[in-house]
There are 2 protein chains.
Amino acid sequence: MEKLTPHNITVMLLSLGILLGVARTLGELAQRFHQPAVAGELLAGVLLGPTVLGTISPELNLFLFPINGANAIALDAISNLSIVLFLMVAGIEVDLSTIWKQGKVGLKVGITTIVIPFVFGFITAWFLSDQVGRELNVNKFTFALFLATAMSISALPVIAKTLMDMDLYRSDLGMVVVSAAIFNDIVGWIVFAVVLGLMGGGNGNNHILLTIFLTLTFAGSMLTMGRWLIDKSLPFVQAYTKWPGGELSFALILALLGSAFTECIGIHAIFGAFLVGAAIGDSSHLRERTRVTIANFISFIFAPVFFASIGLKVNFFENFDLVLTLLVFMVASLCKLVGGIVGARWGGMALRDSWAVGFAMNSRGAMEIILGILALEAGIINNRLFVALVIMAIVTSMMSGPAMRLILNPVKSWKLQDALFSKLFIRELKALSRREAINEMVETVCREFSLEQDKVEYVVWKREKALSTGIGKGVALPHARIEGLAYPLVCVGISDTGIDFDAPDGKPANVIFLVLTPDDAPESQLTIVSEIARLFRNQTILQNILKTRTFTDFLALIKSQSAPKTSDSAV
Amino acid sequence: MEKLTPHNITVMLLSLGILLGVARTLGELAQRFHQPAVAGELLAGVLLGPTVLGTISPELNLFLFPINGANAIALDAISNLSIVLFLMVAGIEVDLSTIWKQGKVGLKVGITTIVIPFVFGFITAWFLSDQVGRELNVNKFTFALFLATAMSISALPVIAKTLMDMDLYRSDLGMVVVSAAIFNDIVGWIVFAVVLGLMGGGNGNNHILLTIFLTLTFAGSMLTMGRWLIDKSLPFVQAYTKWPGGELSFALILALLGSAFTECIGIHAIFGAFLVGAAIGDSSHLRERTRVTIANFISFIFAPVFFASIGLKVNFFENFDLVLTLLVFMVASLCKLVGGIVGARWGGMALRDSWAVGFAMNSRGAMEIILGILALEAGIINNRLFVALVIMAIVTSMMSGPAMRLILNPVKSWKLQDALFSKLFIRELKALSRREAINEMVETVCREFSLEQDKVEYVVWKREKALSTGIGKGVALPHARIEGLAYPLVCVGISDTGIDFDAPDGKPANVIFLVLTPDDAPESQLTIVSEIARLFRNQTILQNILKTRTFTDFLALIKSQSAPKTSDSAV
């Protein structure tokens with residue numbers, strides 16, 4: 001029985017640990033710079049792959065990520081499994097009723113974002129086939145067909161992740177984009193199957209027609225009968241198996257079988273997982289806990305491994321051709337952007353949203369690279385074109401988040417976390433009275449953020465006098481709206497002995513949050529104050545706060561107490 | 001770059017889906033028959049592997065689980081990753097302070113359960129080497145050393161799972177067994193490294209001494225410095241990364257790197273994962289949510305895949321030798337049992353507990369099989385002995401749960417779930433008053449379970465008259481202890497219109513639980529009644545119950561509302 005040697009196992013575990021470590025670190029960093037996490041994760045692969053590590057230390061690169069042998073296969077198996085599971089999560093998060101509502105617009109966007117890039121991709125490839133990177137023995141028509149497909153395909157996983165990162169996944173705009181991307185990809189993969197067929201594997205036309213037929217049948221039945229069956233089965237699974245393990249396994253088993261089926265009929269495995277996920281996620285019986293467990297584990301473990309593994313596959317310097325890359329990038333982006341805008345306008349969307357749709361649809365990510373690798377292996381394209389496609393895929397993926405943010409300029413919803421600063425954390429208040437506490441905290445904020453102390457103190461105290469902000473359970477929330485403030489500031493003062501804030505329950509306040517919010521963002525006060533109130537529903541939090549010694553401890557406690565929304569958790 | 005073909009990917013996903021599906025199904029069934037889930041999971045592999053499926057349809061068996069090529073490697077990679085992750089969970093669940101407390105007894109058990117099987121194993125192998133399955137070119141001393149090791153090793157993963165299944169993992173007895181098993185396995189693997197060294201790989205004695213030194217250094221530093229560092233790092237991870245993804249990734253990255261390290265120094269990867277898990281689990285900063293997410297996903301997905309994959313590795317009929325198997329089984333079990341009892345008595349444990357320790361230590365499971373495979377591949381043993389070792393490993397693993405249950409005869413702690421029956425579920429009560437409702441429900445219970453209606457009605461109504469059991473929020477809990485009842489019975493009656501139960505909040509009862517418990521198990525009434533009260537802390541549950549139409553819906557709701565304890569969730 002062929003199996004891994006101890007050396008193989010060592011390398012596999014080490015490389016997975018490093019890959020996950022670098023990917024998650026860069027993913028977190030990317031988010032600090034308002035980039036989608038997926039950009040950092042892709043970059044991790046470029047750093048650890050032949051491009052950077054392979055140039056600095058080819059031995060180490062080949063030791064960790066060998067391109068042949070058991071370890072190459074092991075990593076490929078794990079990254080394939082990862083992408084399948086990630087697409088299942090993307091499927092679960094899809095809101096089918098919204099897709100249905102947005103389906104018409106999505107279909108229009110789907111059509112234009114295929115047709116326009118396809119036509120221009122075909123023309124470019126036809127007239128520039130030799131410059132663009134056709135392999136010599138491939139006929140011009142096949143090659144042009146491939147490049148046309150490569151231009152028209154989208155990257156559902158990257159689009160899904162970018163939308164999740166931006167908290168837009170379940171919005172109307174998000175669902176237009178997702179349904180268009182699904183349409184894009186189904187058509188794209190079918191055309192690609194035709195291209196591979198034309199390359200002359202013994203399969204031929206019958207095979208292609210069968211693929212198309214089976215794909216549509218599978219998608220149709222999964223979203224109707226499958227969805228119904230799953231909805232009916234879930235209560236049985238919950239009632240007669242161990243909770244929550246039964247439901248968890250049920251979802252994963254179906255996703256694995258569904259993905260095996262689509263891979264088998266010639267469409268990529270991810271579609272099966274996505275469709276199964278969509279059918280499961282649609283059931284009202286699916287419990288939030290199962291959804292969150294699956295989403296967390298897969299989004300934070302499997303997805304980063306997959307996205308990082310993409311960058312391992314190729315040396316980006318060696319095969320880099322600036323002119324070719326620019327050409328591919330321009331044709332791909334312009335066509336997709338125009339396609340997206342035209343489709344969205346046709347569907348009746350506002351101009352601003354249409355631009356956002358265009359940029360969203362322009363992400364190519366993993367799909368492009370998978371397509372590219374298959375084409376490279378089938379001998380349709382050369383290394384240079386492959387690298388150009390990969391760079392195009394990564395750059396378009398990185399562009400789409402910032403571009404959408406620029407266009408949509410979404411109202412920043414301030415959260416408590418964003419308003420906390422270590423220099424506004426007073427572990428031991430000197431104050432003994434309400435007045436002194438407010439003064440001490442106001443003074444700290446004004447010193448650190450150069451505000452006018454008299455003014456701030458006046459408004460905070462005025463509010464406080466009108467009605468005490470001691471809300472009981474040891475918490476007080478003095479607050480005020482401050483003119484000219486750019487963003488909310490929350491100063492935290494802790495008093496182990498407690499300060500009388502005239503609370504309804506008569507208890508002194510041990511934790512005081514001074515909440516200052518911009519005058520022109522009135523909703524931010526409400527958001528932050530109610531977030532604090534929600535935190536203190538947990539009966540043990542006060543004691544835990546009093547146990548903290550540093551700002552880091554405090555922040556850790558606050559962050560890990562607040563249960564995020566599902567879409568947050570999947571970022 | 002070597003990678004999986006679409007065919008490989010199809011097979012991988014299909015085989016994983018089937019493996020997980022059969023393993024989880026049989027695991028659930030095993031638990032119905034009061035066997036540990038792991039027994040069912042192991043059986044799944046035997047069914048799908050060469051033994052059963054391979055006999056019925058060799059083509060299908062080889063198609064799903066090929067023994068060579070990319071798919072064999074892919075599955076081996078995934079099962080190796082699974083066992084590493086599962087041992088990390090076992091590590092997280094270990095309570096180091098208990099191990100410390102039980103360490104002395106554990107050490108004594110560890111010593112006797114090694115020495116006794118080792119001595120007798122060595123003697124058996126020395127005098128019966130040719131009958132027992134020595135390969136001809138192996139010298140007697142090396143072979144005897146191997147078999148002695150094989151007799152003395154335990155299976156930490158199986159022991160951990162069995163103890164978790166029995167809810168004993170965190171008990172004193174559990175921790176004696178776990179610490180003894182850790183000691184067993186560390187010594188066992190070191191001796192095995194010596195055996196492989198004697199077989200004459202170029203490594204030699206220096207290598208072995210280095211392995212021993214590095215193992216002890218790693219274990220020591222991980223449980224002191226590593227533990228301290230992790231405890232200090234967790235608040236930073238929680239404060240400055242996405243919650244809960246940061247903590248989740250942090251734990252997995254460390255486990256992967258730790259396991260790579262121990263695999264690299266010649267001890268199996270699982271020890272690194274286990275030690276890292278123990279260090280992480282010990283931190284008071286680790287959040288329950290992270291612990292539960294990791295435990296659920298890994299115990300219900302990865303662990304079943306691993307345990308099932310064991311059965312795939314060999315044909316149990318073809319290489320079965322009854323005499324040899326019995327001999328191996330008797331020597332292994334008797335020695336381990338005696339060793340366990342002697343050690344536990346030496347450590348001052350009660351006789352009954354000592355027997356339980358003996359049976360617990362007797363589980364060999366995965367470790368034995370891994371050892372066996374390595375020995376087979378190194379040419380030390382033949383196929384017959386390998387099969388005998390595997391059967392011994394499986395049978396000892398299956399025995400240990402029931403034997404421990406028989407010996408310890410643990411007080412069955414009845415749960416609400418156990419007392420619910422579909423025939424005791426009345427979706428629409430005809431009753432309009434409290435009296436009628438109680439009569440209707442008592443009549444149903446007495447009819448279905450042949451109880452004396454007059455008697456039951458008398459005690460229930462007597463209790464009800466003394467103080468109304470309408471607890472408010474639409475719930476009523478009439479209850480009584482019934483003489484001669486063997487186990488608790490809960491009849492559920494639902495009334496959409498509501499029945500006046502004289503509740504403190506004045507609301508009529510929509511859901512009525514008639515709780516009948518055995519007279520001689522007074523604690524079961526309290527357990528069940530408080531479990532029901534806890535359920536109704538959730539404000540939406542009443543509405544959700546009123547939405548259910550069938551008993552299955554109702555049971556699904558009840559089960560998935562009750563958050564299990566962590567040790568439960570990992571079963």
# chains A, B, ... in the order shown; residues from 1 in each chain; ligands from 1
>>> closest_atom_pairs(of="chain B", to="chain A", cutoff="6 Å", atoms="only C-alpha atoms", output="tab-separated table")
residue	atom	partner	partner_atom	distance
B:Met1	CA	A:Ile67	CA	4.7
B:Glu2	CA	A:Asn68	CA	4.9
B:Lys3	CA	A:Ile73	CA	5.3
B:Thr10	CA	A:Ala260	CA	4.6
B:Leu13	CA	A:Ala260	CA	5.1
B:Leu14	CA	A:Ala260	CA	5.2
B:Gly17	CA	A:Ile253	CA	4.9
B:Gly21	CA	A:Ile253	CA	6.0
B:Ile67	CA	A:Met1	CA	4.7
B:Asn68	CA	A:Glu2	CA	4.9
B:Ala72	CA	A:Glu2	CA	5.9
B:Ile73	CA	A:Lys3	CA	5.4
B:Ala74	CA	A:Ala74	CA	5.2
B:Asp76	CA	A:Lys3	CA	5.9
B:Ala77	CA	A:Ala74	CA	5.5
B:Pro235	CA	A:Ala556	CA	5.2
B:Gln238	CA	A:Ala556	CA	4.6
B:Ala239	CA	A:Ala556	CA	3.9
B:Gly245	CA	A:Phe300	CA	5.4
B:Ile253	CA	A:Gly17	CA	4.9
B:Leu256	CA	A:Gly17	CA	5.0
B:Leu257	CA	A:Gly17	CA	5.4
B:Ala260	CA	A:Thr10	CA	4.6
B:Glu263	CA	A:Thr10	CA	5.5
B:Cys264	CA	A:Thr10	CA	5.5
B:Thr293	CA	A:Thr293	CA	5.5
B:Phe300	CA	A:Gly245	CA	5.4
B:Thr552	CA	A:Ala239	CA	5.9
B:Asp553	CA	A:Pro235	CA	5.5
B:Leu555	CA	A:Ala239	CA	5.0
B:Ala556	CA	A:Ala239	CA	3.9
>>> residues_around(residues="Leu128 in chain A", least_positions_apart="6", cutoff="12 Å", atoms="only C-alpha atoms", output="PyMOL selection string")
chain A and resi 120-122+134+140+143-144+147+324+327-328
>>> residues_around(residues="range 154-162 of chain B", least_positions_apart="4", cutoff="6 Å", atoms="only C-alpha atoms", output="PDB file with C-alpha atoms, in the first residue's frame")
ATOM      1  CA  PRO B  36     -18.065   3.466  21.839  1.00  0.00           C
ATOM      2  CA  ALA B 181      -1.011   5.833  28.322  1.00  0.00           C
ATOM      3  CA  SER B 363      -7.116  -0.661  24.136  1.00  0.00           C
ATOM      4  CA  ARG B 364      -4.497  -0.720  21.416  1.00  0.00           C
ATOM      5  CA  GLY B 365      -6.297   0.781  18.452  1.00  0.00           C
ATOM      6  CA  MET B 367      -1.045   2.966  17.700  1.00  0.00           C
TER       7      MET B 367
END
>>> residues_around(residues="Phe501 in chain A", least_positions_apart="4", cutoff="12 Å", atoms="only C-alpha atoms", output="PyMOL selection string")
chain A and resi 432-438+464-465+467-478+505-512
>>> atom_distance(atom1="CA of Phe146 in chain B", atom2="CA of Gly174 in chain B")
28.2 Å
>>> residues_around(residues="range 521-524 of chain B", least_positions_apart="6", cutoff="12 Å", atoms="only C-alpha atoms", output="short mmCIF file (atom, residue, chain, number, x, y, z; two decimals) with N, CA and C atoms, in the first residue's frame")
data_model
loop_
_atom_site.label_atom_id
_atom_site.label_comp_id
_atom_site.auth_asym_id
_atom_site.auth_seq_id
_atom_site.Cartn_x
_atom_site.Cartn_y
_atom_site.Cartn_z
N VAL B 411 -23.59 5.06 37.65
CA VAL B 411 -24.98 5.45 37.84
C VAL B 411 -25.45 6.09 36.54
N LYS B 412 -26.46 5.53 35.98
CA LYS B 412 -27.01 6.09 34.74
C LYS B 412 -27.61 7.45 35.07
N SER B 413 -27.08 8.49 34.45
CA SER B 413 -27.70 9.80 34.68
C SER B 413 -28.72 10.03 33.57
N TRP B 414 -29.97 9.92 33.95
CA TRP B 414 -31.04 10.03 32.96
C TRP B 414 -31.12 11.45 32.46
N LYS B 415 -31.35 11.57 31.17
CA LYS B 415 -31.54 12.89 30.60
C LYS B 415 -32.94 12.96 30.01
N LEU B 416 -33.39 14.18 29.81
CA LEU B 416 -34.72 14.39 29.23
C LEU B 416 -34.88 13.58 27.95
N ASP B 418 -33.65 10.84 26.98
CA ASP B 418 -33.85 9.40 27.14
C ASP B 418 -35.29 9.08 27.53
N ALA B 419 -35.98 10.06 28.09
CA ALA B 419 -37.31 9.80 28.63
C ALA B 419 -38.42 10.18 27.65
N HIS B 479 -45.57 16.36 37.94
CA HIS B 479 -44.58 15.30 38.10
C HIS B 479 -44.87 14.44 39.32
N ALA B 480 -44.28 13.25 39.32
CA ALA B 480 -44.45 12.35 40.46
C ALA B 480 -43.41 11.25 40.39
N ARG B 481 -43.09 10.71 41.58
CA ARG B 481 -42.22 9.53 41.62
C ARG B 481 -43.11 8.30 41.69
N ILE B 482 -42.83 7.34 40.82
CA ILE B 482 -43.70 6.18 40.71
C ILE B 482 -42.95 4.94 41.16
N GLU B 483 -43.57 4.25 42.08
CA GLU B 483 -42.98 3.02 42.59
C GLU B 483 -42.88 1.98 41.47
N GLY B 484 -41.73 1.29 41.41
CA GLY B 484 -41.59 0.19 40.47
C GLY B 484 -41.29 0.61 39.03
N LEU B 485 -41.20 1.90 38.76
CA LEU B 485 -40.85 2.35 37.40
C LEU B 485 -39.37 2.07 37.17
N ALA B 486 -39.04 1.56 35.98
CA ALA B 486 -37.64 1.19 35.74
C ALA B 486 -36.82 2.39 35.28
N TYR B 487 -37.45 3.26 34.53
CA TYR B 487 -36.71 4.44 34.02
C TYR B 487 -37.70 5.58 33.86
N PRO B 488 -37.20 6.82 33.77
CA PRO B 488 -38.11 7.96 33.71
C PRO B 488 -38.92 7.99 32.42
N LEU B 489 -40.14 8.49 32.52
CA LEU B 489 -41.00 8.67 31.35
C LEU B 489 -41.49 10.11 31.34
N VAL B 490 -41.37 10.75 30.20
CA VAL B 490 -41.89 12.12 30.10
C VAL B 490 -42.91 12.15 28.98
N VAL B 515 -43.81 14.48 34.08
CA VAL B 515 -42.54 13.83 34.38
C VAL B 515 -42.74 12.74 35.43
N SER B 530 -35.08 20.20 35.96
CA SER B 530 -34.26 21.39 35.77
C SER B 530 -33.77 21.49 34.33
N GLU B 531 -33.65 20.36 33.65
CA GLU B 531 -33.28 20.43 32.23
C GLU B 531 -34.40 21.12 31.43
#
>>> atom_distance(atom1="CA of Leu420 in chain A", atom2="CA of Leu546 in chain A")
17.1 Å
>>> residues_around(residues="Leu43 in chain A", least_positions_apart="2", cutoff="8 Å", atoms="only C-alpha atoms", output="mmCIF file with N, CA, C and O atoms, in the first residue's frame")
data_model
loop_
_atom_site.group_PDB
_atom_site.id
_atom_site.type_symbol
_atom_site.label_atom_id
_atom_site.label_comp_id
_atom_site.auth_asym_id
_atom_site.auth_seq_id
_atom_site.Cartn_x
_atom_site.Cartn_y
_atom_site.Cartn_z
ATOM 1 N N ALA A 23 -0.142 32.601 5.832
ATOM 2 C CA ALA A 23 -1.378 33.034 5.170
ATOM 3 C C ALA A 23 -2.285 33.800 6.141
ATOM 4 O O ALA A 23 -2.802 34.875 5.823
ATOM 5 N N LEU A 26 -0.629 37.254 7.071
ATOM 6 C CA LEU A 26 -0.761 38.258 6.020
ATOM 7 C C LEU A 26 -2.229 38.598 5.770
ATOM 8 O O LEU A 26 -2.563 39.725 5.414
ATOM 9 N N ALA A 39 -6.327 38.626 -0.294
ATOM 10 C CA ALA A 39 -5.146 39.186 -0.952
ATOM 11 C C ALA A 39 -3.884 38.806 -0.180
ATOM 12 O O ALA A 39 -2.880 38.396 -0.769
ATOM 13 N N GLY A 40 -3.949 38.932 1.135
ATOM 14 C CA GLY A 40 -2.808 38.546 1.963
ATOM 15 C C GLY A 40 -2.532 37.059 1.876
ATOM 16 O O GLY A 40 -1.375 36.620 1.848
ATOM 17 N N GLU A 41 -3.601 36.286 1.809
ATOM 18 C CA GLU A 41 -3.421 34.839 1.739
ATOM 19 C C GLU A 41 -2.771 34.412 0.415
ATOM 20 O O GLU A 41 -1.895 33.540 0.401
ATOM 21 N N GLY A 45 1.408 32.668 -0.458
ATOM 22 C CA GLY A 45 1.871 31.633 -1.372
ATOM 23 C C GLY A 45 2.992 32.123 -2.271
ATOM 24 O O GLY A 45 3.954 31.402 -2.550
ATOM 25 N N VAL A 46 2.872 33.387 -2.724
ATOM 26 C CA VAL A 46 3.919 33.948 -3.578
ATOM 27 C C VAL A 46 5.233 34.035 -2.798
ATOM 28 O O VAL A 46 6.307 33.717 -3.309
ATOM 29 N N LEU A 47 5.142 34.433 -1.527
ATOM 30 C CA LEU A 47 6.349 34.529 -0.691
ATOM 31 C C LEU A 47 6.976 33.169 -0.449
ATOM 32 O O LEU A 47 8.192 33.010 -0.510
ATOM 33 N N ALA A 308 -3.416 30.298 -0.235
ATOM 34 C CA ALA A 308 -1.959 30.397 -0.199
ATOM 35 C C ALA A 308 -1.324 29.402 -1.160
ATOM 36 O O ALA A 308 -0.310 29.700 -1.797
ATOM 37 N N GLY A 311 -0.247 30.439 -4.842
ATOM 38 C CA GLY A 311 1.002 31.137 -5.133
ATOM 39 C C GLY A 311 2.216 30.218 -5.208
ATOM 40 O O GLY A 311 3.285 30.609 -5.692
#
>>> residues_around(residues="range 381-384 of chain B", least_positions_apart="2", cutoff="6 Å", atoms="only C-alpha atoms", output="ChimeraX atom specification")
/B:133-135,319,376,379,386-387
>>> select_by_dssp(residues="range 433-551 of chain A", states="helix (DSSP H, G or I)", output="NGL selection string")
:A and (434-449 or 453-466 or 522-535 or 541-547 or 551)
>>> decode(residues="range 547-563 of chain B", atoms="N, CA, C and O atoms", output="CSV table (one decimal), in the first residue's frame")
chain,number,residue,atom,x,y,z
B,547,LYS,N,-44.6,25.5,16.7
B,547,LYS,CA,-44.6,25.3,15.2
B,547,LYS,C,-44.3,23.9,14.8
B,547,LYS,O,-44.5,23.5,13.7
B,548,THR,N,-43.9,23.0,15.8
B,548,THR,CA,-43.6,21.6,15.4
B,548,THR,C,-44.8,20.9,15.1
B,548,THR,O,-45.9,21.2,15.7
B,549,ARG,N,-44.7,19.9,14.2
B,549,ARG,CA,-45.9,19.1,13.8
B,549,ARG,C,-45.8,17.7,14.3
B,549,ARG,O,-46.8,17.0,14.5
B,550,THR,N,-44.5,17.2,14.3
B,550,THR,CA,-44.3,15.8,14.6
B,550,THR,C,-43.4,15.6,15.8
B,550,THR,O,-42.7,16.6,16.2
B,551,PHE,N,-43.3,14.4,16.3
B,551,PHE,CA,-42.4,14.1,17.4
B,551,PHE,C,-41.0,14.4,17.0
B,551,PHE,O,-40.1,14.9,17.8
B,552,THR,N,-40.6,14.0,15.7
B,552,THR,CA,-39.3,14.2,15.2
B,552,THR,C,-38.9,15.7,15.3
B,552,THR,O,-37.8,16.0,15.8
B,553,ASP,N,-39.8,16.5,14.8
B,553,ASP,CA,-39.5,18.0,14.8
B,553,ASP,C,-39.3,18.4,16.3
B,553,ASP,O,-38.4,19.2,16.6
B,554,PHE,N,-40.1,17.9,17.2
B,554,PHE,CA,-40.0,18.3,18.6
B,554,PHE,C,-38.7,17.9,19.2
B,554,PHE,O,-38.0,18.6,19.8
B,555,LEU,N,-38.3,16.6,18.9
B,555,LEU,CA,-37.1,16.1,19.5
B,555,LEU,C,-35.9,16.8,18.9
B,555,LEU,O,-34.9,17.1,19.6
B,556,ALA,N,-35.9,17.1,17.6
B,556,ALA,CA,-34.8,17.8,16.9
B,556,ALA,C,-34.6,19.2,17.6
B,556,ALA,O,-33.5,19.6,17.9
B,557,LEU,N,-35.8,19.8,17.9
B,557,LEU,CA,-35.7,21.1,18.6
B,557,LEU,C,-35.1,21.0,19.9
B,557,LEU,O,-34.2,21.8,20.3
B,558,ILE,N,-35.6,20.1,20.7
B,558,ILE,CA,-35.1,19.9,22.1
B,558,ILE,C,-33.6,19.6,22.1
B,558,ILE,O,-32.8,20.2,22.9
B,559,LYS,N,-33.2,18.7,21.2
B,559,LYS,CA,-31.8,18.3,21.3
B,559,LYS,C,-30.8,19.4,20.8
B,559,LYS,O,-29.8,19.6,21.4
B,560,SER,N,-31.2,20.1,19.8
B,560,SER,CA,-30.3,21.1,19.3
B,560,SER,C,-30.4,22.4,20.0
B,560,SER,O,-29.6,23.3,19.8
B,561,GLN,N,-31.3,22.5,21.0
B,561,GLN,CA,-31.3,23.7,21.8
B,561,GLN,C,-30.4,23.5,23.0
B,561,GLN,O,-29.8,24.5,23.5
B,562,SER,N,-30.3,22.2,23.5
B,562,SER,CA,-29.5,22.0,24.7
B,562,SER,C,-28.0,22.0,24.3
B,562,SER,O,-27.6,21.1,23.7
B,563,ALA,N,-27.3,23.0,24.8
B,563,ALA,CA,-25.9,23.1,24.5
B,563,ALA,C,-25.2,22.0,25.4
B,563,ALA,O,-25.3,22.0,26.6
